[in-house]
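S.K.: After the structure tokens below, expect a handful of questions from me.
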Amino acid sequence: MSEVRGGEAHAMLKLWNTGHPGGAATTHSNRGFAGALLRLEQMVLEAVDRPLQGLIAEAVDVIVSIEKVDVGRRITGVVSVEGFKQGEYIVRDLETGELVS
């Protein structure tokens, strides 16, 4: 997929959870991985009546945060999404190996 902007995020997540080897998509957010997960929740809400965080956590393996800089773009972080428990995503920084919030 290319950029995801709306309710199609729900269909994308369902496709990613069907046993296929993977996919990639882009979305815009203002706060790195946390903003990307929140944005996905908001887009899913355009298609269904609840945010489905468990589906998001199951479907999304890695989030790469990219920032625009003077000379182009740079990667500012790479995290793995390991689950969703007690109202929060479990996310690990792949550079340091530490859990992040």
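Ordering of the structure tokens sets the chain letters (A, B, ...); residue numbers start at 1 within each chain; ligands are numbered from 1 in the order shown.
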At a cut-off of 6 Å, using only C-alpha atoms, what residues contact region 25-34 of chain A? Leave out same-chain residues fewer than 2 positions from it and give the result as a ChimeraX atom specification.
M.R.: /A:1-4,36-37,65
S.K.: Name all residues at most 12 Å from Gly22 (chain A) (count only C-alpha atoms; drop same-chain ones fewer than 2 positions away) and give them as a list in words.
M.R.: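 That gives Met1, Met12, Leu13, Lys14, Leu15, Trp16, Asn17, Thr18, Gly19, His20, Ala24, Ala25, Glu58, Ala59, Val60, Asp61 and Val62 of chain A.
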S.K.: Store the residues picked out above in a file with C-alpha atoms, as an mmCIF file, in the first residue's frame.
M.R.:
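Output saved as again-v2.cif:
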data_model
loop_
_atom_site.group_PDB
_atom_site.id
_atom_site.type_symbol
_atom_site.label_atom_id
_atom_site.label_comp_id
_atom_site.auth_asym_id
_atom_site.auth_seq_id
_atom_site.Cartn_x
_atom_site.Cartn_y
_atom_site.Cartn_z
ATOM 1 C CA MET A 1 0.000 0.000 0.000
ATOM 2 C CA MET A 12 -5.319 -2.939 5.482
ATOM 3 C CA LEU A 13 -4.949 -4.239 9.054
ATOM 4 C CA LYS A 14 -7.318 -7.133 8.360
ATOM 5 C CA LEU A 15 -5.303 -8.058 5.251
ATOM 6 C CA TRP A 16 -2.044 -7.941 7.203
ATOM 7 C CA ASN A 17 -3.549 -10.390 9.715
ATOM 8 C CA THR A 18 -4.443 -13.075 7.160
ATOM 9 C CA GLY A 19 -1.127 -14.894 7.150
ATOM 10 C CA HIS A 20 0.498 -13.111 4.208
ATOM 11 C CA ALA A 24 4.170 -1.692 4.128
ATOM 12 C CA ALA A 25 2.284 1.573 4.259
ATOM 13 C CA GLU A 58 -1.192 -7.772 16.056
ATOM 14 C CA ALA A 59 -0.880 -6.433 12.501
ATOM 15 C CA VAL A 60 1.864 -3.818 12.915
ATOM 16 C CA ASP A 61 5.298 -5.293 13.529
ATOM 17 C CA VAL A 62 7.618 -2.323 12.965
#
S.K.: Determine the nearest neighbour of Leu52 (chain A) from the options A:Gly97, A:Gly6, A:Gly87, A:Gly23, counting only C-alpha atoms.
M.R.: A:Gly87
S.K.: For Thr96 (chain A), list every protein, DNA or RNA residue within 10 Å, evaluated using only C-alpha atoms, and leave out those in the same chain fewer than 3 positions away; present the list as a PDB file with N, CA and C atoms, in the first residue's frame.
M.R.:
ATOM      1  N   VAL A  78      13.259   3.452  15.100  1.00  0.00           N
ATOM      2  CA  VAL A  78      12.648   2.215  14.611  1.00  0.00           C
ATOM      3  C   VAL A  78      12.226   1.423  15.845  1.00  0.00           C
ATOM      4  N   VAL A  79      10.936   1.080  15.899  1.00  0.00           N
ATOM      5  CA  VAL A  79      10.414   0.336  17.046  1.00  0.00           C
ATOM      6  C   VAL A  79       9.637  -0.878  16.571  1.00  0.00           C
ATOM      7  N   ARG A  92       9.019  -1.661  21.649  1.00  0.00           N
ATOM      8  CA  ARG A  92      10.439  -1.819  21.962  1.00  0.00           C
ATOM      9  C   ARG A  92      11.276  -1.057  20.935  1.00  0.00           C
ATOM     10  N   ASP A  93      12.217  -0.260  21.417  1.00  0.00           N
ATOM     11  CA  ASP A  93      13.168   0.435  20.543  1.00  0.00           C
ATOM     12  C   ASP A  93      14.134  -0.604  19.989  1.00  0.00           C
ATOM     13  N   LEU A  99      12.105  -1.233  26.235  1.00  0.00           N
ATOM     14  CA  LEU A  99      10.702  -0.893  26.082  1.00  0.00           C
ATOM     15  C   LEU A  99      10.568   0.614  26.184  1.00  0.00           C
ATOM     16  N   VAL A 100       9.690   1.183  25.358  1.00  0.00           N
ATOM     17  CA  VAL A 100       9.468   2.626  25.370  1.00  0.00           C
ATOM     18  C   VAL A 100       7.981   2.906  25.520  1.00  0.00           C
TER      19      VAL A 100
END
S.K.: Find the residues near Ala47 (chain A): any atom within 7 Å, counting only C-alpha atoms, skip ones fewer than 2 places away on the same chain, and give them as a count of residues only.
M.R.: 4
S.K.: Apply DSSP to the structure's backbone, then extract all residues of chain A labelled strand (DSSP E or B) and return them as a ChimeraX atom specification.
M.R.: /A:3,26,62-69,72-85,88-93,99-100
S.K.: Include N, CA and C atoms and write out the residues we just selected as a compact mmCIF listing (two decimals), in the first residue's frame.
M.R.:
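This is the output file result.txt:
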# COMPACT_ATOMS: atom_id res chain seq x y z
N GLU A 3 0.27 5.58 0.92
CA GLU A 3 -0.18 6.32 2.10
C GLU A 3 -1.59 5.92 2.49
N THR A 26 2.49 3.95 4.53
CA THR A 26 2.92 5.18 5.18
C THR A 26 1.70 5.91 5.72
N VAL A 62 6.54 -3.32 12.87
CA VAL A 62 7.62 -2.32 12.97
C VAL A 62 7.10 -0.97 12.52
N ILE A 63 7.52 0.07 13.22
CA ILE A 63 7.24 1.45 12.81
C ILE A 63 8.58 2.15 12.63
N VAL A 64 8.77 2.75 11.47
CA VAL A 64 9.96 3.54 11.18
C VAL A 64 9.53 4.99 11.15
N SER A 65 10.09 5.80 12.04
CA SER A 65 9.78 7.23 12.07
C SER A 65 10.79 7.98 11.22
N ILE A 66 10.27 8.80 10.32
CA ILE A 66 11.12 9.57 9.40
C ILE A 66 10.78 11.04 9.56
N GLU A 67 11.81 11.88 9.61
CA GLU A 67 11.63 13.31 9.80
C GLU A 67 12.23 14.06 8.63
N LYS A 68 11.56 15.11 8.20
CA LYS A 68 12.10 15.95 7.14
C LYS A 68 13.13 16.89 7.73
N VAL A 69 14.30 16.94 7.11
CA VAL A 69 15.38 17.83 7.54
C VAL A 69 15.81 18.67 6.34
N GLY A 72 16.83 16.69 3.16
CA GLY A 72 16.00 15.54 2.78
C GLY A 72 15.25 14.99 3.97
N ARG A 73 15.39 13.69 4.18
CA ARG A 73 14.72 13.03 5.29
C ARG A 73 15.71 12.15 6.03
N ARG A 74 15.41 11.91 7.33
CA ARG A 74 16.27 11.01 8.10
C ARG A 74 15.41 10.15 9.01
N ILE A 75 15.88 8.94 9.26
CA ILE A 75 15.19 8.03 10.18
C ILE A 75 15.49 8.48 11.60
N THR A 76 14.44 8.69 12.38
CA THR A 76 14.63 9.14 13.76
C THR A 76 14.37 8.05 14.78
N GLY A 77 13.84 6.91 14.33
CA GLY A 77 13.61 5.82 15.25
C GLY A 77 12.97 4.63 14.56
N VAL A 78 13.26 3.45 15.10
CA VAL A 78 12.65 2.22 14.61
C VAL A 78 12.23 1.42 15.85
N VAL A 79 10.94 1.08 15.90
CA VAL A 79 10.41 0.34 17.05
C VAL A 79 9.64 -0.88 16.57
N SER A 80 9.56 -1.88 17.43
CA SER A 80 8.68 -3.02 17.16
C SER A 80 7.47 -2.91 18.09
N VAL A 81 6.31 -3.26 17.55
CA VAL A 81 5.08 -3.26 18.34
C VAL A 81 4.86 -4.70 18.79
N GLU A 82 4.90 -4.92 20.10
CA GLU A 82 4.87 -6.28 20.65
C GLU A 82 3.52 -6.68 21.23
N GLY A 83 2.59 -5.74 21.34
CA GLY A 83 1.28 -6.09 21.87
C GLY A 83 0.54 -4.88 22.38
N PHE A 84 -0.61 -5.15 23.00
CA PHE A 84 -1.44 -4.10 23.61
C PHE A 84 -2.03 -4.67 24.88
N LYS A 85 -1.68 -4.07 26.04
CA LYS A 85 -2.17 -4.55 27.33
C LYS A 85 -2.47 -3.37 28.23
N GLU A 88 -2.39 0.19 26.83
CA GLU A 88 -1.17 0.75 26.23
C GLU A 88 -0.53 -0.23 25.28
N TYR A 89 0.08 0.32 24.23
CA TYR A 89 0.86 -0.50 23.31
C TYR A 89 2.19 -0.86 23.96
N ILE A 90 2.64 -2.07 23.74
CA ILE A 90 3.96 -2.51 24.20
C ILE A 90 4.89 -2.33 23.01
N VAL A 91 5.85 -1.42 23.16
CA VAL A 91 6.71 -1.03 22.05
C VAL A 91 8.17 -1.10 22.50
N ARG A 92 9.02 -1.66 21.65
CA ARG A 92 10.44 -1.82 21.96
C ARG A 92 11.28 -1.06 20.94
N ASP A 93 12.22 -0.26 21.42
CA ASP A 93 13.17 0.44 20.54
C ASP A 93 14.13 -0.60 19.99
N LEU A 99 12.11 -1.23 26.24
CA LEU A 99 10.70 -0.89 26.08
C LEU A 99 10.57 0.61 26.18
N VAL A 100 9.69 1.18 25.36
CA VAL A 100 9.47 2.63 25.37
C VAL A 100 7.98 2.91 25.52
S.K.: One number please: CA of Leu40 (chain A) to CA of Ile56 (chain A), in Å, one decimal.
M.R.: 7.6 Å
S.K.: Per DSSP on the backbone, filter region 26-91 of chain A down to the residues in helix (DSSP H, G or I) and report them as a list in words.
M.R.: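 Reading the DSSP output for region 26-91 of chain A, helix (DSSP H, G or I) covers Gly32, Phe33, Ala34, Gly35, Ala36, Leu37, Leu38, Arg39, Leu40, Glu41, Gln42, Met43, Val44, Gln53, Gly54, Leu55, Ile56, Ala57, Glu58 and Ala59 of chain A.
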S.K.: I need the chosen residues saved as a tab-separated table (two decimals), in the first residue's frame, with C-alpha atoms.
M.R.:
chain	number	residue	atom	x	y	z
A	32	GLY	CA	6.74	9.47	16.08
A	33	PHE	CA	5.56	5.93	16.78
A	34	ALA	CA	3.02	6.98	19.42
A	35	GLY	CA	1.46	9.41	16.99
A	36	ALA	CA	1.42	6.78	14.24
A	37	LEU	CA	-0.43	4.29	16.46
A	38	LEU	CA	-2.93	6.94	17.54
A	39	ARG	CA	-3.41	7.99	13.90
A	40	LEU	CA	-4.09	4.36	12.94
A	41	GLU	CA	-6.71	4.17	15.70
A	42	GLN	CA	-8.36	7.35	14.38
A	43	MET	CA	-8.42	6.04	10.82
A	44	VAL	CA	-9.89	2.68	11.91
A	53	GLN	CA	-5.97	-1.58	19.37
A	54	GLY	CA	-5.48	-5.35	19.62
A	55	LEU	CA	-5.84	-5.68	15.85
A	56	ILE	CA	-3.38	-2.83	15.35
A	57	ALA	CA	-0.84	-4.39	17.74
A	58	GLU	CA	-1.19	-7.77	16.06
A	59	ALA	CA	-0.88	-6.43	12.50
